[in-house]
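Text of query38.cif, listed as mmCIF, C-alpha atoms:
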```cif
data_input
loop_
_atom_site.label_atom_id
_atom_site.label_comp_id
_atom_site.auth_asym_id
_atom_site.auth_seq_id
_atom_site.Cartn_x
_atom_site.Cartn_y
_atom_site.Cartn_z
CA MET Q 1 93.27 77.79 66.48
CA GLN Q 2 94.85 79.46 69.51
CA ARG Q 3 94.11 79.91 73.17
CA ILE Q 4 92.69 83.26 74.29
CA HIS Q 5 95.72 84.95 75.79
CA ASN Q 6 93.88 87.38 78.04
CA ALA Q 7 91.41 85.03 79.77
CA THR Q 8 91.75 85.11 83.56
CA GLN Q 9 90.14 83.01 86.28
CA LEU Q 10 88.06 85.49 88.28
CA THR Q 11 88.41 83.57 91.52
CA ALA Q 12 92.19 83.98 91.31
CA SER Q 13 91.95 87.77 90.99
CA ASN Q 14 92.11 90.00 94.05
CA ALA Q 15 90.38 93.35 94.47
CA ASP Q 16 93.43 95.34 93.34
CA ASP Q 17 93.82 93.21 90.20
CA LEU Q 18 90.18 93.78 89.27
CA ALA Q 19 90.41 97.52 89.90
CA GLU Q 20 93.42 97.75 87.57
CA LEU Q 21 91.56 95.79 84.87
CA TYR Q 22 88.53 98.08 85.03
CA ALA Q 23 90.25 101.42 85.72
CA TYR Q 24 89.09 104.45 83.76
CA PRO Q 25 91.63 106.34 81.66
CA SER Q 26 93.51 108.94 83.68
CA ALA Q 27 93.23 112.73 83.32
CA LEU Q 28 89.86 112.73 81.54
CA ASP Q 29 88.62 116.11 80.31
CA ALA Q 30 85.46 114.78 78.63
CA PRO Q 31 82.99 112.02 79.54
CA TRP Q 32 84.17 108.44 79.07
CA VAL Q 33 81.04 106.33 78.65
CA ARG Q 34 81.21 102.77 79.93
CA ALA Q 35 78.15 100.53 79.65
CA ASN Q 36 77.59 97.48 81.83
CA PHE Q 37 75.12 94.78 80.82
CA VAL Q 38 74.37 91.13 81.47
CA SER Q 39 72.71 88.68 79.11
CA SER Q 40 72.10 84.95 78.90
CA ILE Q 41 73.94 82.56 76.61
CA ASP Q 42 71.06 82.85 74.14
CA GLY Q 43 71.08 86.66 74.21
CA ALA Q 44 68.29 87.54 76.65
CA ALA Q 45 68.88 90.78 78.54
CA THR Q 46 66.34 89.89 81.22
CA SER Q 47 64.82 86.91 82.99
CA GLY Q 48 61.42 87.47 84.54
CA ASP Q 49 61.52 90.94 82.93
CA LEU Q 50 64.48 91.99 85.12
CA SER Q 51 68.22 92.00 84.48
CA ALA Q 52 68.64 90.96 88.13
CA GLY Q 53 67.21 87.58 87.14
CA LEU Q 54 70.47 86.89 85.27
CA GLY Q 55 72.81 87.93 88.06
CA THR Q 56 75.60 85.69 89.37
CA PRO Q 57 78.11 86.25 92.19
CA ALA Q 58 80.82 87.19 89.68
CA ASP Q 59 78.53 89.65 87.93
CA LYS Q 60 77.63 91.22 91.28
CA THR Q 61 81.31 91.59 92.20
CA VAL Q 62 82.11 93.49 89.00
CA PHE Q 63 78.82 95.44 89.16
CA MET Q 64 79.79 96.82 92.57
CA LEU Q 65 83.37 97.57 91.49
CA LEU Q 66 82.17 99.50 88.44
CA ARG Q 67 79.95 101.64 90.67
CA ASP Q 68 82.86 102.23 93.05
CA LEU Q 69 84.96 103.45 90.10
CA ALA Q 70 82.32 105.72 88.51
CA ASP Q 71 81.58 109.43 88.88
CA VAL Q 72 77.93 108.92 87.88
CA VAL Q 73 75.56 106.03 87.17
CA LEU Q 74 73.43 106.72 84.10
CA VAL Q 75 70.10 104.97 83.54
CA GLY Q 76 66.90 105.42 81.58
CA ALA Q 77 63.66 106.11 83.43
CA GLY Q 78 62.05 102.83 82.34
CA THR Q 79 64.90 100.81 83.78
CA ALA Q 80 64.94 102.90 86.97
CA ARG Q 81 61.26 102.11 87.48
CA ALA Q 82 61.43 98.42 86.51
CA GLU Q 83 64.53 97.69 88.62
CA ASN Q 84 63.33 99.88 91.54
CA TYR Q 85 66.48 101.98 91.62
CA GLY Q 86 67.61 103.69 94.78
CA GLY Q 87 70.84 105.54 95.42
CA ALA Q 88 74.12 103.77 94.65
CA LYS Q 89 75.44 101.79 97.61
CA THR Q 90 79.22 101.96 97.33
CA ASP Q 91 82.22 101.31 99.56
CA ALA Q 92 83.50 104.67 100.84
CA ASP Q 93 86.94 103.34 101.77
CA ARG Q 94 87.40 101.68 98.39
CA ARG Q 95 86.29 104.83 96.55
CA ARG Q 96 88.86 106.86 98.44
CA ALA Q 97 91.57 104.27 97.72
CA LEU Q 98 90.67 104.09 94.02
CA HIS Q 99 90.81 107.89 93.80
CA ALA Q 100 94.22 107.99 95.47
CA LYS Q 101 95.53 105.54 92.86
CA GLY Q 102 94.05 107.53 89.96
CA LEU Q 103 91.76 104.67 88.91
CA GLY Q 104 88.39 106.26 89.64
CA GLY Q 105 86.36 106.60 92.81
CA HIS Q 106 86.06 109.81 94.82
CA GLY Q 107 88.35 111.61 97.22
CA ASP Q 108 85.82 111.85 100.04
CA GLY Q 109 84.27 108.45 99.41
CA THR Q 110 80.78 109.72 98.56
CA PRO Q 111 78.69 107.51 96.24
CA PRO Q 112 78.14 108.47 92.60
CA PRO Q 113 74.78 110.10 91.88
CA ILE Q 114 72.19 108.24 89.84
CA ALA Q 115 71.44 110.22 86.66
CA VAL Q 116 68.05 109.35 85.15
CA VAL Q 117 67.12 110.25 81.57
CA THR Q 118 63.42 111.08 81.18
CA ALA Q 119 62.11 113.34 78.43
CA SER Q 120 58.82 113.86 80.29
CA ALA Q 121 60.19 114.17 83.85
CA SER Q 122 57.62 111.54 84.82
CA LEU Q 123 59.11 110.04 87.96
CA ASP Q 124 57.44 109.42 91.29
CA PRO Q 125 58.97 111.73 93.94
CA GLN Q 126 58.20 109.01 96.51
CA CYS Q 127 60.23 106.31 94.74
CA ARG Q 128 63.54 104.99 96.11
CA LEU Q 129 65.58 107.29 93.85
CA PHE Q 130 64.56 110.11 96.19
CA THR Q 131 63.85 108.33 99.48
CA ASP Q 132 66.72 105.80 99.65
CA THR Q 133 69.83 107.78 98.78
CA THR Q 134 72.52 109.89 100.38
CA VAL Q 135 73.30 111.76 97.15
CA ALA Q 136 70.75 113.80 95.21
CA PRO Q 137 69.73 112.15 91.93
CA LEU Q 138 70.38 114.02 88.69
CA ILE Q 139 67.27 114.11 86.50
CA ILE Q 140 68.06 114.84 82.85
CA THR Q 141 64.96 115.98 81.01
CA THR Q 142 63.71 118.39 78.34
CA ALA Q 143 62.53 121.95 78.02
CA THR Q 144 59.05 120.75 77.01
CA ALA Q 145 58.57 118.46 80.02
CA PRO Q 146 55.75 119.79 82.25
CA ALA Q 147 57.08 122.49 84.56
CA GLU Q 148 55.04 121.14 87.47
CA SER Q 149 56.61 117.68 87.05
CA LYS Q 150 60.10 119.15 87.10
CA GLN Q 151 59.29 121.25 90.16
CA ARG Q 152 58.01 118.19 92.05
CA LEU Q 153 61.34 116.48 91.43
CA VAL Q 154 63.27 119.57 92.56
CA ASP Q 155 61.13 119.69 95.70
CA ALA Q 156 61.99 116.00 96.30
CA GLY Q 157 65.68 116.92 96.31
CA ALA Q 158 66.74 116.22 92.72
CA ASP Q 159 69.10 118.23 90.55
CA VAL Q 160 66.98 118.72 87.42
CA VAL Q 161 68.67 119.73 84.17
CA GLU Q 162 67.23 120.29 80.69
CA ALA Q 163 69.25 118.63 77.92
CA GLY Q 164 67.10 119.04 74.83
CA GLY Q 165 63.89 120.56 73.53
CA VAL Q 166 61.50 117.63 73.04
CA ALA Q 167 64.08 114.84 73.40
CA VAL Q 168 67.28 114.33 75.39
CA THR Q 169 70.09 114.08 72.86
CA PRO Q 170 73.27 112.10 73.64
CA ARG Q 171 75.43 115.17 73.00
CA ALA Q 172 73.40 117.38 75.35
CA LEU Q 173 73.24 114.60 77.93
CA LEU Q 174 77.01 114.18 78.04
CA ALA Q 175 77.53 117.94 78.04
CA ALA Q 176 75.31 118.19 81.15
CA LEU Q 177 77.43 115.56 82.89
CA ALA Q 178 80.67 117.26 81.83
CA GLU Q 179 79.48 120.60 83.23
CA ARG Q 180 79.25 118.90 86.62
CA GLY Q 181 82.68 117.28 86.32
CA LEU Q 182 81.14 113.82 85.94
CA PHE Q 183 83.53 112.29 83.42
CA ARG Q 184 83.57 108.61 84.47
CA VAL Q 185 80.14 107.60 83.23
CA LEU Q 186 78.66 104.17 83.95
CA CYS Q 187 75.54 103.42 81.87
CA GLU Q 188 73.44 100.59 83.31
CA GLY Q 189 70.59 100.66 80.81
CA GLY Q 190 68.19 100.26 79.51
CA PRO Q 191 68.40 98.98 75.94
CA HIS Q 192 66.85 102.12 74.41
CA LEU Q 193 69.24 104.53 76.14
CA PHE Q 194 72.21 102.29 75.34
CA GLY Q 195 71.07 102.01 71.71
CA GLU Q 196 70.75 105.79 71.37
CA LEU Q 197 74.24 106.30 72.79
CA LEU Q 198 75.64 103.64 70.47
CA GLU Q 199 73.92 105.10 67.43
CA ALA Q 200 75.43 108.48 68.30
CA ASP Q 201 78.87 106.80 68.60
CA ALA Q 202 79.04 108.01 72.19
CA VAL Q 203 80.00 104.73 73.91
CA ASP Q 204 83.68 104.14 74.67
CA GLU Q 205 83.45 100.66 76.14
CA LEU Q 206 81.12 97.83 77.09
CA CYS Q 207 81.52 95.56 80.10
CA HIS Q 208 79.42 92.51 79.31
CA THR Q 209 78.55 89.50 81.45
CA THR Q 210 77.35 86.26 79.88
CA ALA Q 211 75.37 84.40 82.51
CA PRO Q 212 75.53 80.59 82.31
CA LEU Q 213 71.82 80.32 81.50
CA LEU Q 214 69.53 79.61 78.56
CA VAL Q 215 66.36 81.66 78.91
CA GLY Q 216 64.29 81.43 75.73
CA GLY Q 217 61.09 83.45 75.59
CA ALA Q 218 60.93 86.88 73.98
CA ALA Q 219 63.30 88.85 76.20
CA ARG Q 220 64.94 91.98 74.78
CA ARG Q 221 68.54 92.40 73.67
CA ILE Q 222 70.88 94.73 75.56
CA SER Q 223 70.59 97.45 72.86
CA LEU Q 224 67.71 98.74 70.76
CA SER Q 225 67.94 101.55 68.21
CA ALA Q 226 66.05 103.01 65.29
CA HIS Q 227 68.75 102.04 62.80
CA GLU Q 228 71.27 99.26 62.43
CA PHE Q 229 74.92 100.21 62.74
CA ARG Q 230 78.31 98.54 63.00
CA ARG Q 231 80.78 99.56 65.71
CA PRO Q 232 84.06 97.60 65.62
CA MET Q 233 85.21 96.83 69.15
CA GLU Q 234 88.40 95.43 70.64
CA LEU Q 235 88.48 92.80 73.39
CA ARG Q 236 90.45 94.14 76.36
CA HIS Q 237 90.03 91.23 78.76
CA THR Q 238 88.02 88.11 79.58
CA LEU Q 239 87.27 86.84 83.08
CA VAL Q 240 85.83 83.38 83.76
CA ASP Q 241 84.28 82.29 87.04
CA ASP Q 242 83.96 78.74 88.39
CA ASP Q 243 80.22 78.64 87.64
CA GLY Q 244 80.78 79.46 83.95
CA THR Q 245 80.04 83.18 84.13
CA ILE Q 246 82.07 85.03 81.48
CA LEU Q 247 82.87 88.73 81.91
CA THR Q 248 84.36 90.65 78.99
CA ARG Q 249 85.43 94.23 78.50
CA TRP Q 250 85.24 95.68 75.00
CA ALA Q 251 86.58 99.10 73.97
CA ARG Q 252 86.13 101.05 70.74
CA ARG Q 253 88.78 100.04 68.25
#
```
Taking this structure as input, can you express it in the form of structure tokens?
Amino acid sequence: MQRIHNATQLTASNADDLAELYAYPSALDAPWVRANFVSSIDGAATSGDLSAGLGTPADKTVFMLLRDLADVVLVGAGTARAENYGGAKTDADRRRALHAKGLGGHGDGTPPPIAVVTASASLDPQCRLFTDTTVAPLIITTATAPAESKQRLVDAGADVVEAGGVAVTPRALLAALAERGLFRVLCEGGPHLFGELLEADAVDELCHTTAPLLVGGAARRISLSAHEFRRPMELRHTLVDDDGTILTRWARR
């Protein structure tokens, strides 16, 4: 038995320390996919059908930092609807500072766009994705999605891109992001999108929060896929908050 050598008390970490811990690799020339999820001690990915029901102050701190670091926030349409997504609210000064240090962020401080994956392009143009944002959302859909649905989203201000015939494939999805120079990818769900990316071996790292809760019920896991797979991962760091929240970062081995 040995003590975990890389466990750190979150409350003793300042903003610069955290940014260094969660920095993206430098000089990326292809998308680096980071997923961020929270679950309960007993493995529930939601409480009251929402991931927000598991949130803690420590989880919120890292959630906001990861958005400040990212070039794009990637999410499935079901999660965008359920969690009532709007545009990413980030700290412009911190994004500029992170960019200057080569850790992530953006040179002019603008927020990362929200990229929504929807094979059918079935999103409400009046939802917060379009009405509560300063950056146009990126809607990643298919060639077979109804043309009128895609046009409604374009008219609402979205950048609509086709990344597949009848389904959005992980390879085409990441290629669409790369074409726009969006290499620091932050996937926030949901379980089906995360599972598809995992099954395609397209996930580079997972930032996972264990909330100090037991939930029970029949809540979903953080990933769902058609087939079982095994992806060996390496623990990069562990953060522990005073309330028992545990935040880990895992990277592909």
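When all atoms listed in the file are used to measure the gap to Gly195 (chain Q), the shortest distance among Q:Glu179, Q:Ser225, Q:Arg94, Q:Val168 belongs to Q:Ser225.
Once the PyMOL selection byres ((chain Q and resi 237) around 6) is applied to the depicted file, the selected set reads Asn6, Leu235, Arg236, Thr238, Thr248 and Arg249 of chain Q.
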For Asp201 (chain Q), which residue out of Q:Ala77, Q:Ile139, Q:Met233, Q:Val215 is the nearest one, using all atoms listed in the file? Q:Met233
Name all residues at most 10 Å from region 142-146 of chain Q (count only C-alpha atoms; drop same-chain ones fewer than 4 positions away) and give them as a PyMOL selection string. chain Q and resi 117-122+150-151+160-169
Quick one: residues within 10 Å of Ala19 (chain Q), only C-alpha atoms, excluding same-chain residues fewer than 6 positions away - as an MDAnalysis selection string? chainID Q and resid 13 62 65:66 68:69 94 98 101 103:104
Give as an MDAnalysis selection string the residues that the PyMOL selection byres ((chain Q and resi 128) around 8) matches when applied to the coordinates above. chainID Q and resid 84:87 126:127 129:133
Could you give me, as an MDAnalysis selection string, the residues within 12 Å of Asp155 (chain Q), counting only C-alpha atoms and dropping anything in the same chain fewer than 6 positions from it? chainID Q and resid 124:126 130 136 148:149
Selection file, C-alpha atoms, as a short mmCIF file (atom, residue, chain, number, x, y, z; two decimals), in the coordinates of the input:
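As a result, again.cif now contains:
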```cif
data_model
loop_
_atom_site.label_atom_id
_atom_site.label_comp_id
_atom_site.auth_asym_id
_atom_site.auth_seq_id
_atom_site.Cartn_x
_atom_site.Cartn_y
_atom_site.Cartn_z
CA ASP Q 124 57.44 109.42 91.29
CA PRO Q 125 58.97 111.73 93.94
CA GLN Q 126 58.20 109.01 96.51
CA PHE Q 130 64.56 110.11 96.19
CA ALA Q 136 70.75 113.80 95.21
CA GLU Q 148 55.04 121.14 87.47
CA SER Q 149 56.61 117.68 87.05
#
```
File output, region 202-214 of chain Q (all heavy atoms) as an mmCIF file, in the first residue's frame:
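Dumped everything to part26.cif:
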```cif
data_model
loop_
_atom_site.group_PDB
_atom_site.id
_atom_site.type_symbol
_atom_site.label_atom_id
_atom_site.label_comp_id
_atom_site.auth_asym_id
_atom_site.auth_seq_id
_atom_site.Cartn_x
_atom_site.Cartn_y
_atom_site.Cartn_z
ATOM 1 N N ALA Q 202 -11.256 8.215 -30.220
ATOM 2 C CA ALA Q 202 -11.021 9.608 -30.571
ATOM 3 C C ALA Q 202 -10.936 10.515 -29.348
ATOM 4 O O ALA Q 202 -10.920 11.741 -29.500
ATOM 5 C CB ALA Q 202 -12.141 10.103 -31.494
ATOM 6 N N VAL Q 203 -10.874 9.939 -28.147
ATOM 7 C CA VAL Q 203 -10.808 10.742 -26.923
ATOM 8 C C VAL Q 203 -9.389 10.676 -26.365
ATOM 9 O O VAL Q 203 -8.851 9.589 -26.134
ATOM 10 C CB VAL Q 203 -11.815 10.240 -25.867
ATOM 11 C CG1 VAL Q 203 -11.657 11.017 -24.565
ATOM 12 C CG2 VAL Q 203 -13.242 10.362 -26.401
ATOM 13 N N ASP Q 204 -8.800 11.836 -26.155
ATOM 14 C CA ASP Q 204 -7.430 11.898 -25.634
ATOM 15 C C ASP Q 204 -7.380 11.924 -24.119
ATOM 16 O O ASP Q 204 -6.428 11.414 -23.524
ATOM 17 C CB ASP Q 204 -6.721 13.132 -26.193
ATOM 18 C CG ASP Q 204 -6.563 13.059 -27.699
ATOM 19 O OD1 ASP Q 204 -5.739 12.253 -28.157
ATOM 20 O OD2 ASP Q 204 -7.287 13.789 -28.408
ATOM 21 N N GLU Q 205 -8.382 12.533 -23.485
ATOM 22 C CA GLU Q 205 -8.357 12.577 -22.026
ATOM 23 C C GLU Q 205 -9.754 12.790 -21.466
ATOM 24 O O GLU Q 205 -10.660 13.283 -22.159
ATOM 25 C CB GLU Q 205 -7.417 13.657 -21.510
ATOM 26 C CG GLU Q 205 -7.802 15.073 -21.864
ATOM 27 C CD GLU Q 205 -6.841 16.080 -21.236
ATOM 28 O OE1 GLU Q 205 -5.719 16.214 -21.758
ATOM 29 O OE2 GLU Q 205 -7.228 16.707 -20.239
ATOM 30 N N LEU Q 206 -9.911 12.405 -20.212
ATOM 31 C CA LEU Q 206 -11.162 12.576 -19.478
ATOM 32 C C LEU Q 206 -10.886 13.305 -18.174
ATOM 33 O O LEU Q 206 -10.040 12.874 -17.382
ATOM 34 C CB LEU Q 206 -11.804 11.221 -19.179
ATOM 35 C CG LEU Q 206 -12.950 11.218 -18.149
ATOM 36 C CD1 LEU Q 206 -14.144 12.017 -18.660
ATOM 37 C CD2 LEU Q 206 -13.362 9.786 -17.807
ATOM 38 N N CYS Q 207 -11.591 14.405 -17.964
ATOM 39 C CA CYS Q 207 -11.585 15.084 -16.669
ATOM 40 C C CYS Q 207 -12.874 14.665 -15.968
ATOM 41 O O CYS Q 207 -13.978 14.935 -16.467
ATOM 42 C CB CYS Q 207 -11.542 16.596 -16.860
ATOM 43 S SG CYS Q 207 -10.044 17.171 -17.688
ATOM 44 N N HIS Q 208 -12.728 13.990 -14.848
ATOM 45 C CA HIS Q 208 -13.885 13.390 -14.187
ATOM 46 C C HIS Q 208 -13.995 13.861 -12.750
ATOM 47 O O HIS Q 208 -13.017 13.830 -11.998
ATOM 48 C CB HIS Q 208 -13.791 11.863 -14.225
ATOM 49 C CG HIS Q 208 -14.953 11.186 -13.562
ATOM 50 N ND1 HIS Q 208 -14.859 10.548 -12.352
ATOM 51 C CD2 HIS Q 208 -16.252 11.089 -13.948
ATOM 52 C CE1 HIS Q 208 -16.045 10.070 -12.017
ATOM 53 N NE2 HIS Q 208 -16.901 10.386 -12.961
ATOM 54 N N THR Q 209 -15.196 14.309 -12.385
ATOM 55 C CA THR Q 209 -15.495 14.713 -11.018
ATOM 56 C C THR Q 209 -16.354 13.646 -10.361
ATOM 57 O O THR Q 209 -17.368 13.221 -10.933
ATOM 58 C CB THR Q 209 -16.263 16.046 -10.987
ATOM 59 O OG1 THR Q 209 -15.475 17.062 -11.584
ATOM 60 C CG2 THR Q 209 -16.603 16.445 -9.558
ATOM 61 N N THR Q 210 -15.954 13.221 -9.174
ATOM 62 C CA THR Q 210 -16.805 12.359 -8.352
ATOM 63 C C THR Q 210 -17.425 13.225 -7.269
ATOM 64 O O THR Q 210 -16.725 13.740 -6.389
ATOM 65 C CB THR Q 210 -16.003 11.219 -7.706
ATOM 66 O OG1 THR Q 210 -15.365 10.455 -8.735
ATOM 67 C CG2 THR Q 210 -16.919 10.301 -6.902
ATOM 68 N N ALA Q 211 -18.739 13.435 -7.374
ATOM 69 C CA ALA Q 211 -19.447 14.236 -6.385
ATOM 70 C C ALA Q 211 -19.674 13.408 -5.124
ATOM 71 O O ALA Q 211 -19.926 12.209 -5.204
ATOM 72 C CB ALA Q 211 -20.786 14.706 -6.955
ATOM 73 N N PRO Q 212 -19.593 14.026 -3.951
ATOM 74 C CA PRO Q 212 -19.737 13.285 -2.696
ATOM 75 C C PRO Q 212 -21.199 12.969 -2.387
ATOM 76 O O PRO Q 212 -21.748 13.384 -1.360
ATOM 77 C CB PRO Q 212 -19.120 14.238 -1.665
ATOM 78 C CG PRO Q 212 -19.380 15.595 -2.219
ATOM 79 C CD PRO Q 212 -19.268 15.444 -3.715
ATOM 80 N N LEU Q 213 -21.842 12.228 -3.288
ATOM 81 C CA LEU Q 213 -23.254 11.896 -3.174
ATOM 82 C C LEU Q 213 -23.494 10.446 -3.557
ATOM 83 O O LEU Q 213 -22.820 9.914 -4.446
ATOM 84 C CB LEU Q 213 -24.096 12.774 -4.116
ATOM 85 C CG LEU Q 213 -24.152 14.274 -3.880
ATOM 86 C CD1 LEU Q 213 -24.799 14.943 -5.081
ATOM 87 C CD2 LEU Q 213 -24.929 14.583 -2.615
ATOM 88 N N LEU Q 214 -24.484 9.831 -2.927
ATOM 89 C CA LEU Q 214 -25.065 8.572 -3.378
ATOM 90 C C LEU Q 214 -26.447 8.895 -3.914
ATOM 91 O O LEU Q 214 -27.231 9.572 -3.245
ATOM 92 C CB LEU Q 214 -25.146 7.563 -2.229
ATOM 93 C CG LEU Q 214 -23.800 7.044 -1.706
ATOM 94 C CD1 LEU Q 214 -24.005 6.259 -0.414
ATOM 95 C CD2 LEU Q 214 -23.125 6.154 -2.749
#
```
